[in-house]
>>> print(open('structure22.cif').read())   # mmCIF, C-alpha atoms
data_run
loop_
_atom_site.label_atom_id
_atom_site.label_comp_id
_atom_site.auth_asym_id
_atom_site.auth_seq_id
_atom_site.Cartn_x
_atom_site.Cartn_y
_atom_site.Cartn_z
CA MET M 1 -15.17 12.28 23.55
CA GLY M 2 -12.46 9.84 24.63
CA VAL M 3 -10.03 10.20 27.49
CA ARG M 4 -6.58 11.02 26.14
CA ILE M 5 -4.05 8.28 26.76
CA ARG M 6 -0.52 9.44 26.06
CA LYS M 7 1.87 6.72 25.02
CA SER M 8 5.54 7.34 25.59
CA PHE M 9 7.98 4.98 23.91
CA ASN M 10 11.66 5.77 24.03
CA LEU M 11 12.79 5.10 20.48
CA GLY M 12 15.65 7.58 20.47
CA ASN M 13 15.90 10.98 18.85
CA GLY M 14 13.90 10.67 15.68
CA PHE M 15 10.49 11.44 14.29
CA ARG M 16 7.50 11.65 16.59
CA VAL M 17 3.91 11.86 15.41
CA THR M 18 1.00 12.75 17.70
CA LEU M 19 -2.55 12.03 16.52
CA SER M 20 -5.46 13.32 18.60
CA LYS M 21 -8.83 14.99 18.17
CA SER M 22 -6.99 18.33 18.21
CA GLY M 23 -5.09 17.40 15.06
CA ILE M 24 -1.76 15.97 13.92
CA GLY M 25 1.55 17.03 15.43
CA TYR M 26 5.06 16.24 14.19
CA SER M 27 8.44 16.69 15.81
CA TRP M 28 11.99 15.89 14.79
CA GLY M 29 15.36 16.74 16.24
CA VAL M 30 18.63 15.91 17.90
CA PRO M 31 19.98 16.77 21.37
CA GLY M 32 20.05 20.56 21.63
CA HIS M 33 17.66 21.25 18.75
CA ARG M 34 14.10 20.12 17.94
CA ILE M 35 11.49 21.29 15.43
CA THR M 36 7.84 20.70 16.25
CA LYS M 37 4.72 21.22 14.16
CA THR M 38 1.79 21.42 16.57
CA ALA M 39 -1.73 20.17 15.89
CA LYS M 40 -2.86 23.80 15.41
CA GLY M 41 -0.34 24.28 12.58
CA SER M 42 2.23 26.45 14.37
CA ILE M 43 5.95 25.67 14.13
CA LYS M 44 8.08 25.56 17.29
CA LYS M 45 11.86 25.58 17.21
CA SER M 46 13.73 24.89 20.44
CA TYR M 47 17.44 25.39 21.07
CA SER M 48 19.19 24.29 24.24
CA ILE M 49 22.54 23.38 25.76
CA PRO M 50 22.17 19.76 26.93
CA GLY M 51 22.69 19.33 30.66
CA THR M 52 22.53 23.04 31.55
CA GLY M 53 18.81 23.79 31.47
CA ILE M 54 19.49 26.79 29.22
CA GLY M 55 17.26 26.98 26.19
CA TYR M 56 15.43 29.18 23.72
CA VAL M 57 12.08 28.55 21.97
CA THR M 58 10.53 30.31 18.96
CA GLU M 59 7.04 29.76 17.59
CA SER M 60 5.49 30.84 14.30
CA SER M 61 1.83 30.49 13.31
CA SER M 62 0.62 28.78 10.17
CA SER M 63 -2.67 28.55 8.36
CA SER M 64 -4.71 25.44 9.00
CA GLU M 65 -4.39 22.63 6.53
CA ARG M 66 -7.11 21.87 4.06
CA LYS M 67 -9.12 18.78 4.85
CA TYR M 68 -9.82 16.21 2.19
CA PHE M 69 -12.86 13.98 2.27
CA SER M 70 -13.40 11.00 0.00
CA LYS M 71 -16.57 10.82 -2.07
CA LYS M 72 -18.72 7.74 -1.69
CA LYS M 73 -18.90 5.49 -4.72
CA LYS M 74 -21.73 3.21 -5.70
CA THR M 75 -21.16 -0.53 -5.62
CA VAL M 76 -20.74 -1.82 -9.16
CA VAL M 77 -20.72 -5.51 -10.02
CA ILE M 78 -19.30 -6.10 -13.51
CA PRO M 79 -18.64 -9.55 -14.95
CA GLN M 80 -14.95 -9.84 -15.69
CA LYS M 81 -12.90 -12.52 -17.34
CA THR M 82 -9.31 -13.35 -16.46
CA VAL M 83 -6.89 -13.52 -19.38
CA THR M 84 -3.68 -14.41 -17.59
CA GLY M 85 -1.14 -15.89 -19.96
CA LYS M 86 -3.09 -15.05 -23.13
CA THR M 87 -1.88 -12.87 -25.98
CA TYR M 88 -3.71 -9.57 -26.37
CA ASP M 89 -5.94 -9.56 -29.45
CA ALA M 90 -7.04 -6.11 -30.68
CA ASN M 91 -9.94 -7.67 -32.59
CA GLU M 92 -11.32 -9.27 -29.45
CA TYR M 93 -10.51 -6.62 -26.82
CA GLY M 94 -10.77 -2.85 -26.61
CA GLN M 95 -7.93 -0.59 -25.51
CA MET M 96 -5.82 -2.21 -22.81
CA HIS M 97 -5.29 -0.03 -19.72
CA THR M 98 -2.31 -0.62 -17.45
CA ILE M 99 -3.14 -0.02 -13.80
CA GLU M 100 -0.13 1.47 -12.03
CA SER M 101 0.80 4.51 -9.97
CA SER M 102 2.48 7.66 -11.30
CA ASP M 103 6.19 8.42 -11.13
CA ILE M 104 7.59 8.37 -7.60
CA ASN M 105 8.68 12.02 -7.93
CA ASN M 106 5.01 13.04 -7.77
CA PHE M 107 4.85 11.90 -4.16
CA LYS M 108 7.23 14.30 -2.42
CA PRO M 109 5.21 16.96 -0.56
CA VAL M 110 6.99 19.68 1.41
CA GLU M 111 5.55 18.49 4.73
CA TYR M 112 7.46 15.18 4.42
CA LYS M 113 10.66 16.61 2.89
CA LYS M 114 13.04 15.78 5.77
CA PHE M 115 11.44 12.40 6.31
CA LEU M 116 11.82 11.41 2.65
CA CYS M 117 15.36 12.81 2.36
CA HIS M 118 16.40 10.68 5.32
CA LEU M 119 14.69 7.61 3.89
CA ASN M 120 16.10 8.00 0.37
CA PHE M 121 19.60 8.49 1.80
CA LEU M 122 19.13 5.29 3.78
CA PHE M 123 18.12 3.44 0.60
CA PHE M 124 21.18 4.81 -1.20
CA CYS M 125 23.49 3.55 1.54
CA HIS M 126 21.75 0.18 1.55
CA ARG M 127 22.25 -0.26 -2.19
CA LEU M 128 25.86 0.88 -1.93
CA THR M 129 26.64 -1.68 0.78
CA ASN M 130 25.03 -4.42 -1.33
CA ILE M 131 27.44 -3.58 -4.14
CA MET M 132 30.36 -3.58 -1.73
CA ILE M 133 29.36 -6.96 -0.34
CA VAL M 134 29.39 -8.39 -3.86
CA PHE M 135 33.12 -7.80 -3.78
CA ILE M 136 33.44 -10.57 -1.20
CA ILE M 137 32.17 -13.03 -3.78
CA ILE M 138 34.73 -11.74 -6.24
CA TYR M 139 37.34 -12.04 -3.50
CA LEU M 140 36.48 -15.64 -2.79
CA LEU M 141 36.64 -16.49 -6.47
CA TYR M 142 39.36 -14.30 -7.92
CA ALA M 143 40.96 -11.35 -6.12
CA LYS M 144 42.20 -10.98 -2.55
CA ASP M 145 42.32 -7.18 -2.85
CA CYS M 146 38.52 -7.01 -2.58
CA LEU M 147 38.46 -8.24 1.05
CA ILE M 148 38.83 -4.74 2.57
CA ILE M 149 35.98 -3.30 0.49
CA SER M 150 33.74 -6.21 1.47
CA CYS M 151 34.48 -5.77 5.17
CA ILE M 152 33.67 -2.06 4.94
CA GLY M 153 30.39 -2.93 3.24
CA PHE M 154 29.43 -5.38 5.99
CA GLY M 155 30.33 -2.83 8.65
CA ILE M 156 28.24 -0.06 7.10
CA LYS M 157 25.25 -2.38 6.66
CA ILE M 158 25.36 -3.37 10.33
CA LEU M 159 25.52 0.31 11.32
CA LEU M 160 22.52 1.06 9.09
CA LEU M 161 20.45 -1.66 10.74
CA LEU M 162 21.46 -0.61 14.26
CA PHE M 163 21.44 3.18 14.02
CA GLY M 164 20.33 4.24 10.53
CA ARG M 165 16.65 3.29 10.64
CA ILE M 166 14.12 6.11 10.81
CA LYS M 167 12.55 6.30 14.24
CA ILE M 168 8.84 7.15 14.26
CA GLU M 169 6.84 7.29 17.48
CA TYR M 170 3.05 7.52 17.24
CA GLU M 171 0.95 8.85 20.09
CA LEU M 172 -2.77 8.24 19.52
CA ASP M 173 -5.68 9.25 21.70
CA SER M 174 -7.84 6.39 22.96
CA GLU M 175 -10.55 6.58 20.26
CA LEU M 176 -8.18 6.85 17.31
CA ASN M 177 -5.92 4.18 18.78
CA SER M 178 -8.88 1.79 19.00
CA THR M 179 -10.10 2.42 15.44
CA PHE M 180 -6.58 2.11 14.01
CA LYS M 181 -6.07 -1.24 15.75
CA GLU M 182 -9.37 -2.47 14.30
CA TYR M 183 -8.27 -1.23 10.88
CA VAL M 184 -4.93 -3.09 11.07
CA THR M 185 -6.67 -6.22 12.38
CA ALA M 186 -9.04 -6.16 9.38
CA TRP M 187 -6.02 -6.09 7.04
CA LYS M 188 -4.50 -8.99 8.99
CA HIS M 189 -7.67 -11.02 8.47
CA LEU M 190 -7.61 -10.14 4.76
CA THR M 191 -4.20 -11.81 4.41
CA LYS M 192 -5.91 -15.13 5.20
CA ALA M 193 -7.86 -15.05 1.93
CA HIS M 194 -6.89 -17.97 -0.32
CA TYR M 195 -6.24 -15.77 -3.35
CA ILE M 196 -5.07 -12.16 -3.55
CA TYR M 197 -4.39 -10.84 -7.05
CA GLN M 198 -3.20 -7.48 -8.30
CA ILE M 199 -5.05 -6.28 -11.39
CA VAL M 200 -2.23 -5.35 -13.76
CA GLN M 201 -4.19 -4.58 -16.92
CA MET M 202 -7.82 -4.25 -17.92
CA ALA M 203 -9.56 -4.05 -21.29
CA SER M 204 -13.16 -3.98 -22.46
CA ILE M 205 -14.39 -7.00 -24.41
CA LYS M 206 -15.84 -6.27 -27.86
CA ASN M 207 -17.61 -9.57 -28.47
CA LEU M 208 -19.55 -10.45 -25.31
CA LYS M 209 -21.23 -13.46 -26.95
CA ASN M 210 -17.91 -15.30 -27.39
CA ASN M 211 -16.52 -14.48 -23.93
CA ALA M 212 -19.11 -15.86 -21.51
CA GLY M 213 -20.89 -12.50 -21.41
CA ALA M 214 -17.99 -10.78 -19.64
CA LYS M 215 -17.68 -7.02 -20.19
CA ASN M 216 -14.04 -6.63 -19.12
CA ALA M 217 -10.92 -8.75 -19.38
CA ILE M 218 -8.28 -8.47 -16.66
CA GLU M 219 -4.71 -9.65 -16.31
CA LYS M 220 -3.90 -10.55 -12.72
CA LYS M 221 -0.71 -11.28 -10.81
CA ASP M 222 -0.11 -12.65 -7.33
CA MET M 223 0.55 -10.02 -4.67
CA LYS M 224 1.41 -10.12 -0.98
CA ILE M 225 -0.05 -8.31 2.01
CA LYS M 226 1.46 -8.49 5.47
CA ILE M 227 1.39 -6.67 8.80
CA GLY M 228 4.71 -5.51 10.19
CA ILE M 229 7.40 -2.85 10.24
CA PRO M 230 9.75 -2.35 7.25
CA TRP M 231 13.44 -2.81 8.00
CA TYR M 232 14.15 0.89 7.40
CA ILE M 233 11.65 2.06 10.07
CA LYS M 234 11.67 1.67 13.83
CA SER M 235 8.27 2.33 15.39
CA ASN M 236 5.94 1.46 18.24
CA LEU M 237 3.18 0.41 15.81
CA LYS M 238 2.83 -2.19 13.06
CA PHE M 239 1.38 -1.27 9.66
CA PRO M 240 -0.28 -2.97 6.68
CA ILE M 241 2.30 -3.48 3.91
CA LEU M 242 0.96 -4.00 0.37
CA LYS M 243 3.49 -5.38 -2.10
CA PHE M 244 2.40 -4.73 -5.68
CA ARG M 245 4.36 -5.64 -8.80
CA LYS M 246 6.22 -2.30 -9.02
CA GLU M 247 5.41 -0.42 -5.82
CA THR M 248 5.14 -1.19 -2.15
CA LEU M 249 2.58 0.76 -0.10
CA ILE M 250 3.02 1.09 3.67
CA LEU M 251 -0.16 2.35 5.33
CA LEU M 252 1.05 4.52 8.23
CA PRO M 253 -1.55 6.12 10.54
CA ASP M 254 -1.03 9.63 9.09
CA LYS M 255 0.30 8.95 5.58
CA VAL M 256 0.80 6.34 2.89
CA LEU M 257 4.44 5.61 2.14
CA LEU M 258 5.35 4.49 -1.41
CA VAL M 259 8.58 2.68 -2.23
CA HIS M 260 9.58 2.11 -5.86
CA LYS M 261 13.03 0.85 -6.86
CA TRP M 262 14.69 2.14 -3.69
CA HIS M 263 13.05 5.56 -3.97
CA ALA M 264 10.44 6.74 -1.49
CA GLY M 265 7.44 9.05 -1.66
CA ALA M 266 4.54 9.85 0.66
CA VAL M 267 0.93 11.06 0.52
CA ASN M 268 -1.18 12.42 3.35
CA GLN M 269 -3.70 9.83 4.51
CA LYS M 270 -6.55 12.30 3.96
CA LYS M 271 -5.80 12.47 0.23
CA VAL M 272 -5.81 8.70 -0.32
CA ASN M 273 -9.08 6.97 -1.16
CA PHE M 274 -9.91 3.27 -0.85
CA SER M 275 -13.02 2.06 -2.66
CA PHE M 276 -14.49 -1.37 -1.98
CA ASN M 277 -16.76 -3.20 -4.44
CA ASP M 278 -17.88 -6.71 -5.30
CA ALA M 279 -16.77 -8.19 -8.61
CA LYS M 280 -17.92 -11.21 -10.57
CA ILE M 281 -14.84 -13.04 -11.82
CA ILE M 282 -15.17 -15.68 -14.53
CA GLU M 283 -12.40 -18.24 -14.04
CA GLU M 284 -11.23 -20.85 -16.53
CA ARG M 285 -11.44 -23.66 -13.99
CA ILE M 286 -13.03 -24.54 -10.67
CA HIS M 287 -10.92 -23.84 -7.59
CA LYS M 288 -10.46 -27.09 -5.66
CA SER M 289 -9.87 -25.18 -2.44
CA SER M 290 -11.26 -21.67 -2.33
CA ASP M 291 -13.00 -19.39 0.15
CA SER M 292 -14.72 -17.44 -2.62
CA GLU M 293 -18.44 -17.69 -3.27
CA LEU M 294 -19.38 -19.65 -6.38
CA ILE M 295 -22.29 -17.69 -7.86
CA GLN M 296 -23.11 -19.61 -11.04
CA TYR M 297 -21.77 -21.27 -14.17
CA GLN M 298 -21.62 -19.34 -17.44
CA TRP M 299 -21.50 -20.73 -20.98
CA LEU M 300 -18.53 -19.65 -23.09
CA TYR M 301 -20.76 -18.85 -26.08
CA VAL M 302 -23.96 -17.14 -25.04
CA ASN M 303 -27.01 -15.45 -26.57
CA LYS M 304 -27.94 -11.86 -25.83
CA ASP M 305 -30.10 -12.98 -22.90
CA GLY M 306 -27.22 -14.98 -21.39
CA THR M 307 -28.51 -18.42 -22.31
CA ARG M 308 -26.45 -21.09 -24.04
CA ASP M 309 -25.72 -20.62 -27.74
CA LYS M 310 -26.59 -24.07 -29.14
CA ARG M 311 -24.84 -23.42 -32.46
CA PHE M 312 -21.53 -24.36 -30.82
CA VAL M 313 -21.21 -28.07 -30.06
CA SER M 314 -18.02 -27.61 -28.03
CA ASN M 315 -19.60 -24.96 -25.83
CA LYS M 316 -18.57 -25.36 -22.20
CA GLN M 317 -19.30 -23.70 -18.88
CA PHE M 318 -17.03 -21.60 -16.69
CA PRO M 319 -17.41 -20.95 -12.94
CA VAL M 320 -18.27 -17.41 -11.83
CA TYR M 321 -16.93 -16.38 -8.41
CA LYS M 322 -17.75 -13.41 -6.24
CA TYR M 323 -14.56 -11.58 -5.28
CA GLY M 324 -13.92 -8.44 -3.30
CA LYS M 325 -12.32 -5.63 -5.33
CA ILE M 326 -10.27 -2.85 -3.71
CA ASP M 327 -9.08 0.25 -5.59
CA ILE M 328 -6.55 2.71 -4.15
CA SER M 329 -6.22 6.20 -5.63
CA SER M 330 -5.08 9.74 -4.84
CA PRO M 331 -4.88 13.10 -6.68
CA GLU M 332 -1.07 12.74 -6.82
CA GLY M 333 -1.34 9.56 -8.88
CA ILE M 334 -1.68 6.50 -6.66
CA ASN M 335 -3.48 3.98 -8.83
CA GLU M 336 -3.55 0.38 -7.63
CA SER M 337 -6.25 -2.27 -7.79
CA PHE M 338 -6.51 -5.80 -6.47
CA ILE M 339 -9.07 -8.53 -5.83
CA VAL M 340 -9.43 -11.00 -2.96
CA SER M 341 -11.23 -14.32 -3.12
CA ASN M 342 -13.11 -13.80 0.16
CA ASN M 343 -15.46 -10.87 -0.37
CA LYS M 344 -16.67 -11.07 3.25
CA LEU M 345 -13.18 -10.19 4.50
CA SER M 346 -12.98 -7.23 2.12
CA SER M 347 -16.41 -6.09 3.33
CA LYS M 348 -15.21 -6.12 6.96
CA LEU M 349 -12.11 -4.18 5.92
CA SER M 350 -14.37 -1.63 4.22
CA ASP M 351 -16.30 -1.07 7.45
CA SER M 352 -13.17 -0.62 9.58
CA TYR M 353 -11.59 1.65 6.95
CA LYS M 354 -14.62 3.96 6.84
CA LYS M 355 -14.62 4.19 10.61
CA TYR M 356 -10.91 5.04 10.79
CA LYS M 357 -11.15 7.43 7.81
CA ASN M 358 -13.99 9.27 9.53
CA ASP M 359 -12.07 9.62 12.82
CA PHE M 360 -8.89 10.67 11.02
CA SER M 361 -10.72 13.25 8.86
CA MET M 362 -11.86 14.98 12.05
CA LEU M 363 -8.26 15.81 13.04
#
>>> encode(input="structure22.cif", output="C-alpha cells")
Amino acid sequence: MGVRIRKSFNLGNGFRVTLSKSGIGYSWGVPGHRITKTAKGSIKKSYSIPGTGIGYVTESSSSSERKYFSKKKKTVVIPQKTVTGKTYDANEYGQMHTIESSDINNFKPVEYKKFLCHLNFLFFCHRLTNIMIVFIIIYLLYAKDCLIISCIGFGIKILLLLFGRIKIEYELDSELNSTFKEYVTAWKHLTKAHYIYQIVQMASIKNLKNNAGAKNAIEKKDMKIKIGIPWYIKSNLKFPILKFRKETLILLPDKVLLVHKWHAGAVNQKKVNFSFNDAKIIEERIHKSSDSELIQYQWLYVNKDGTRDKRFVSNKQFPVYKYGKIDISSPEGINESFIVSNNKLSSKLSDSYKKYKNDFSML
C-alpha cells in the first residue's frame, strides 16, 4: 500500500479530481459555493460568505458505483491486405464494415453533465469567434463596417484562451501516479513508430487464392497521436491525444473525452476497453525505411497450401509485415481501430495499460 502524496496545484476555481485507493472524488465550484462528490459516493455542498469564515455544509449519501472490468481477449493473428486507393468490388470482397464510433450524443452521462455543458459552450463560443474574425477579411477586401465585429471576435477569443478554459486538477496517490506516468510514457514511445494508420473500413476476402492468401482487406488512413493538453483544458497533467479521421480521443486519468465536430462527450475509464493484438499486414511494396518486422514474402496467386500458383506467369510476391493492432471499444459505442508498424512498442503499451487498468479498477 503506497504512501499518499497529495499534490496541490493552484489552477483557479474549476474542476478538481482526486484519484486514490479509496476511490474517485470530484469537486467543482466558485467562491462561496462548491459541490464535492467524495470517493465513497456521498455528495457535499458547501455554502460560505468569502472572507467571513461563515459557512454551511450539507452531505447526502449515494450508492456505490458499479465497477466495470474488461474481459481478456485471445491474441489473433489474421493475414490482412491493404486496399488503400482501390475501388470496392462486391465480387471480390464480402460486406464492407466501416469502423467508427457512435453518435456523440451517446456519450453524455449524468456524472459529467456540468463538465460537458461547460466544454460544449466553450466550443460554441470558439466557433462563433472564428466566424466573427472572418469579417476582418471581408473588411480588408470590401467593407469597413465589419471592423467592429472583427475586433469583438478577437477580444472574445483572447478571453476564452485566458479565462474560458476548463480547469482540471488531478490528485493521484503515489502508486496510481506512478502507473499513470508509465502509461503516458508508453503512448509517447508509440508516437515514434514510423507508421500509424487508422483502420477505416474492413471487409472479408472471398477469393483467398487471388489475394495472397489474405482473409481480410482493410482501408487505412494516416492518424496522429501526441502527448499534451488540449487548448480548451488547463491541467497539471498531460494526456495521450488520439486524432482519428472523425473523432479525437483524449485519454484522461478517470475518463475518455471524445470530441467530434466541436461537440464533446465522455465515458468513464472503467467502461473503455483497449485490446492489443499482432496483425500480419500484406503491403503492396517494401518499405525502404520501416521499424516493422518483415515476416515473409507472399505470392499474389497462391494454392490452398499457400505455395505459388504456377499457372500465372506474372505472379509476384508481396512483403508481409508484423504490425501491432489496437482496438478501442465501450458499451456506449466507442469503436476505433488502428495499427502501428512497431509491434514491440504496442506490446509495451499493452503491459503498461493493463497495469494502470488494474490499479484504476480497484478505486
>>> atom_distance(input="structure22.cif", atom1="CA of Tyr195 in chain M", atom2="CA of Lys344 in chain M")
13.2 Å
>>> residues_around(input="structure22.cif", residues="range 105-122 of chain M", least_positions_apart="5", cutoff="9 Å", atoms="only C-alpha atoms", output="mmCIF file with C-alpha atoms, in the frame of the given file")
data_model
loop_
_atom_site.group_PDB
_atom_site.id
_atom_site.type_symbol
_atom_site.label_atom_id
_atom_site.label_comp_id
_atom_site.auth_asym_id
_atom_site.auth_seq_id
_atom_site.Cartn_x
_atom_site.Cartn_y
_atom_site.Cartn_z
ATOM 1 C CA PHE M 15 10.490 11.440 14.290
ATOM 2 C CA ARG M 127 22.250 -0.260 -2.190
ATOM 3 C CA LEU M 160 22.520 1.060 9.090
ATOM 4 C CA GLY M 164 20.330 4.240 10.530
ATOM 5 C CA ARG M 165 16.650 3.290 10.640
ATOM 6 C CA ILE M 166 14.120 6.110 10.810
ATOM 7 C CA TYR M 232 14.150 0.890 7.400
ATOM 8 C CA ILE M 233 11.650 2.060 10.070
ATOM 9 C CA LEU M 257 4.440 5.610 2.140
ATOM 10 C CA LEU M 258 5.350 4.490 -1.410
ATOM 11 C CA TRP M 262 14.690 2.140 -3.690
ATOM 12 C CA HIS M 263 13.050 5.560 -3.970
ATOM 13 C CA ALA M 264 10.440 6.740 -1.490
ATOM 14 C CA GLY M 265 7.440 9.050 -1.660
ATOM 15 C CA ALA M 266 4.540 9.850 0.660
ATOM 16 C CA VAL M 267 0.930 11.060 0.520
ATOM 17 C CA ASN M 268 -1.180 12.420 3.350
ATOM 18 C CA GLU M 332 -1.070 12.740 -6.820
ATOM 19 C CA GLY M 333 -1.340 9.560 -8.880
ATOM 20 C CA ILE M 334 -1.680 6.500 -6.660
#
>>> residues_around(input="structure22.cif", residues="Glu100 in chain M", least_positions_apart="5", cutoff="10 Å", atoms="all atoms listed in the file", output="list in words")
Ile199, Val200, Gln201, Phe244, Arg245, Lys246, Glu247, Gly333, Ile334, Asn335, Glu336 and Ser337 of chain M
>>> closest_residue(input="structure22.cif", among="M:Gln95, M:Ser347, M:Thr179, M:Gln317", to="Val302 in chain M", atoms="only C-alpha atoms")
M:Gln317
>>> resolve_selection(input="structure22.cif", expression="the PyMOL selection byres ((chain M and resi 329) around 12)", output="CSV table (one decimal) with C-alpha atoms, in the coordinates of the input")
chain,number,residue,atom,x,y,z
M,70,SER,CA,-13.4,11.0,0.0
M,71,LYS,CA,-16.6,10.8,-2.1
M,99,ILE,CA,-3.1,0.0,-13.8
M,100,GLU,CA,-0.1,1.5,-12.0
M,101,SER,CA,0.8,4.5,-10.0
M,102,SER,CA,2.5,7.7,-11.3
M,249,LEU,CA,2.6,0.8,-0.1
M,256,VAL,CA,0.8,6.3,2.9
M,267,VAL,CA,0.9,11.1,0.5
M,269,GLN,CA,-3.7,9.8,4.5
M,270,LYS,CA,-6.6,12.3,4.0
M,271,LYS,CA,-5.8,12.5,0.2
M,272,VAL,CA,-5.8,8.7,-0.3
M,273,ASN,CA,-9.1,7.0,-1.2
M,274,PHE,CA,-9.9,3.3,-0.8
M,275,SER,CA,-13.0,2.1,-2.7
M,276,PHE,CA,-14.5,-1.4,-2.0
M,326,ILE,CA,-10.3,-2.8,-3.7
M,327,ASP,CA,-9.1,0.2,-5.6
M,328,ILE,CA,-6.6,2.7,-4.2
M,330,SER,CA,-5.1,9.7,-4.8
M,331,PRO,CA,-4.9,13.1,-6.7
M,332,GLU,CA,-1.1,12.7,-6.8
M,333,GLY,CA,-1.3,9.6,-8.9
M,334,ILE,CA,-1.7,6.5,-6.7
M,335,ASN,CA,-3.5,4.0,-8.8
M,336,GLU,CA,-3.6,0.4,-7.6
M,337,SER,CA,-6.2,-2.3,-7.8
>>> closest_residue(input="structure22.cif", among="M:Leu172, M:Met223, M:Leu242, M:Tyr183", to="Ser350 in chain M", atoms="all atoms listed in the file")
M:Tyr183
>>> axis_aligned_box(input="structure22.cif", around="range 306-315 of chain M", padding_each_side="8 Å", output="AutoDock Vina command-line options")
--center_x -23.3 --center_y -21.5 --center_z -26.9 --size_x 26.5 --size_y 29.1 --size_z 27.1
>>> closest_residue(input="structure22.cif", among="M:Val320, M:Ala217, M:Val259, M:Ala203", to="Arg285 in chain M", atoms="only C-alpha atoms")
M:Val320
>>> closest_residue(input="structure22.cif", among="M:Tyr301, M:Phe154, M:Tyr321, M:Trp231", to="Ser341 in chain M", atoms="all atoms listed in the file")
M:Tyr321
>>> atom_distance(input="structure22.cif", atom1="CA of Ile158 in chain M", atom2="CA of Asn236 in chain M")
21.5 Å
>>> residues_around(input="structure22.cif", residues="Trp187 in chain M", least_positions_apart="5", cutoff="10 Å", atoms="only C-alpha atoms", output="PDB file with C-alpha atoms, keeping the file's coordinate frame")
ATOM      1  CA  LYS M 181      -6.070  -1.240  15.750  1.00  0.00           C
ATOM      2  CA  GLU M 182      -9.370  -2.470  14.300  1.00  0.00           C
ATOM      3  CA  LYS M 192      -5.910 -15.130   5.200  1.00  0.00           C
ATOM      4  CA  ILE M 225      -0.050  -8.310   2.010  1.00  0.00           C
ATOM      5  CA  LYS M 226       1.460  -8.490   5.470  1.00  0.00           C
ATOM      6  CA  ILE M 227       1.390  -6.670   8.800  1.00  0.00           C
ATOM      7  CA  PHE M 239       1.380  -1.270   9.660  1.00  0.00           C
ATOM      8  CA  PRO M 240      -0.280  -2.970   6.680  1.00  0.00           C
ATOM      9  CA  ILE M 241       2.300  -3.480   3.910  1.00  0.00           C
ATOM     10  CA  LEU M 242       0.960  -4.000   0.370  1.00  0.00           C
ATOM     11  CA  LEU M 345     -13.180 -10.190   4.500  1.00  0.00           C
ATOM     12  CA  SER M 346     -12.980  -7.230   2.120  1.00  0.00           C
ATOM     13  CA  LYS M 348     -15.210  -6.120   6.960  1.00  0.00           C
ATOM     14  CA  LEU M 349     -12.110  -4.180   5.920  1.00  0.00           C
ATOM     15  CA  SER M 350     -14.370  -1.630   4.220  1.00  0.00           C
ATOM     16  CA  SER M 352     -13.170  -0.620   9.580  1.00  0.00           C
ATOM     17  CA  TYR M 353     -11.590   1.650   6.950  1.00  0.00           C
TER      18      TYR M 353
END
>>> atom_distance(input="structure22.cif", atom1="CA of Thr191 in chain M", atom2="CA of Ser290 in chain M")
13.9 Å
>>> closest_residue(input="structure22.cif", among="M:Ile104, M:Ile156, M:Val340, M:Leu363", to="Phe124 in chain M", atoms="all atoms listed in the file")
M:Ile156
>>> closest_residue(input="structure22.cif", among="M:Pro319, M:Met202, M:Thr248, M:Asp278", to="Gln296 in chain M", atoms="all atoms listed in the file")
M:Pro319
>>> resolve_selection(input="structure22.cif", expression="the PyMOL selection byres ((chain M and resi 213) around 8)", output="number ranges by chain")
M: 79, 208-212, 214-215, 298, 300-302, 306
>>> build_atoms(input="structure22.cif", residues="range 190-201 of chain M", atoms="N, CA and C atoms", output="mmCIF file, keeping the file's coordinate frame")
data_model
loop_
_atom_site.group_PDB
_atom_site.id
_atom_site.type_symbol
_atom_site.label_atom_id
_atom_site.label_comp_id
_atom_site.auth_asym_id
_atom_site.auth_seq_id
_atom_site.Cartn_x
_atom_site.Cartn_y
_atom_site.Cartn_z
ATOM 1 N N LEU M 190 -7.561 -10.083 6.222
ATOM 2 C CA LEU M 190 -7.610 -10.140 4.760
ATOM 3 C C LEU M 190 -6.473 -10.996 4.201
ATOM 4 N N THR M 191 -5.338 -11.010 4.883
ATOM 5 C CA THR M 191 -4.200 -11.810 4.410
ATOM 6 C C THR M 191 -4.496 -13.304 4.417
ATOM 7 N N LYS M 192 -5.559 -13.710 5.117
ATOM 8 C CA LYS M 192 -5.910 -15.130 5.200
ATOM 9 C C LYS M 192 -6.747 -15.588 4.006
ATOM 10 N N ALA M 193 -7.118 -14.662 3.131
ATOM 11 C CA ALA M 193 -7.860 -15.050 1.930
ATOM 12 C C ALA M 193 -7.013 -15.995 1.079
ATOM 13 N N HIS M 194 -7.643 -16.970 0.457
ATOM 14 C CA HIS M 194 -6.890 -17.970 -0.320
ATOM 15 C C HIS M 194 -6.187 -17.363 -1.527
ATOM 16 N N TYR M 195 -6.833 -16.379 -2.152
ATOM 17 C CA TYR M 195 -6.240 -15.770 -3.350
ATOM 18 C C TYR M 195 -6.300 -14.256 -3.238
ATOM 19 N N ILE M 196 -5.158 -13.617 -3.485
ATOM 20 C CA ILE M 196 -5.070 -12.160 -3.550
ATOM 21 C C ILE M 196 -4.314 -11.820 -4.830
ATOM 22 N N TYR M 197 -4.984 -11.138 -5.756
ATOM 23 C CA TYR M 197 -4.390 -10.840 -7.050
ATOM 24 C C TYR M 197 -4.380 -9.328 -7.292
ATOM 25 N N GLN M 198 -3.251 -8.849 -7.805
ATOM 26 C CA GLN M 198 -3.200 -7.480 -8.300
ATOM 27 C C GLN M 198 -3.744 -7.452 -9.716
ATOM 28 N N ILE M 199 -4.571 -6.463 -10.021
ATOM 29 C CA ILE M 199 -5.050 -6.280 -11.390
ATOM 30 C C ILE M 199 -4.022 -5.425 -12.123
ATOM 31 N N VAL M 200 -3.318 -6.019 -13.054
ATOM 32 C CA VAL M 200 -2.230 -5.350 -13.760
ATOM 33 C C VAL M 200 -2.752 -4.579 -14.967
ATOM 34 N N GLN M 201 -3.632 -5.212 -15.731
ATOM 35 C CA GLN M 201 -4.190 -4.580 -16.920
ATOM 36 C C GLN M 201 -5.676 -4.915 -17.038
#
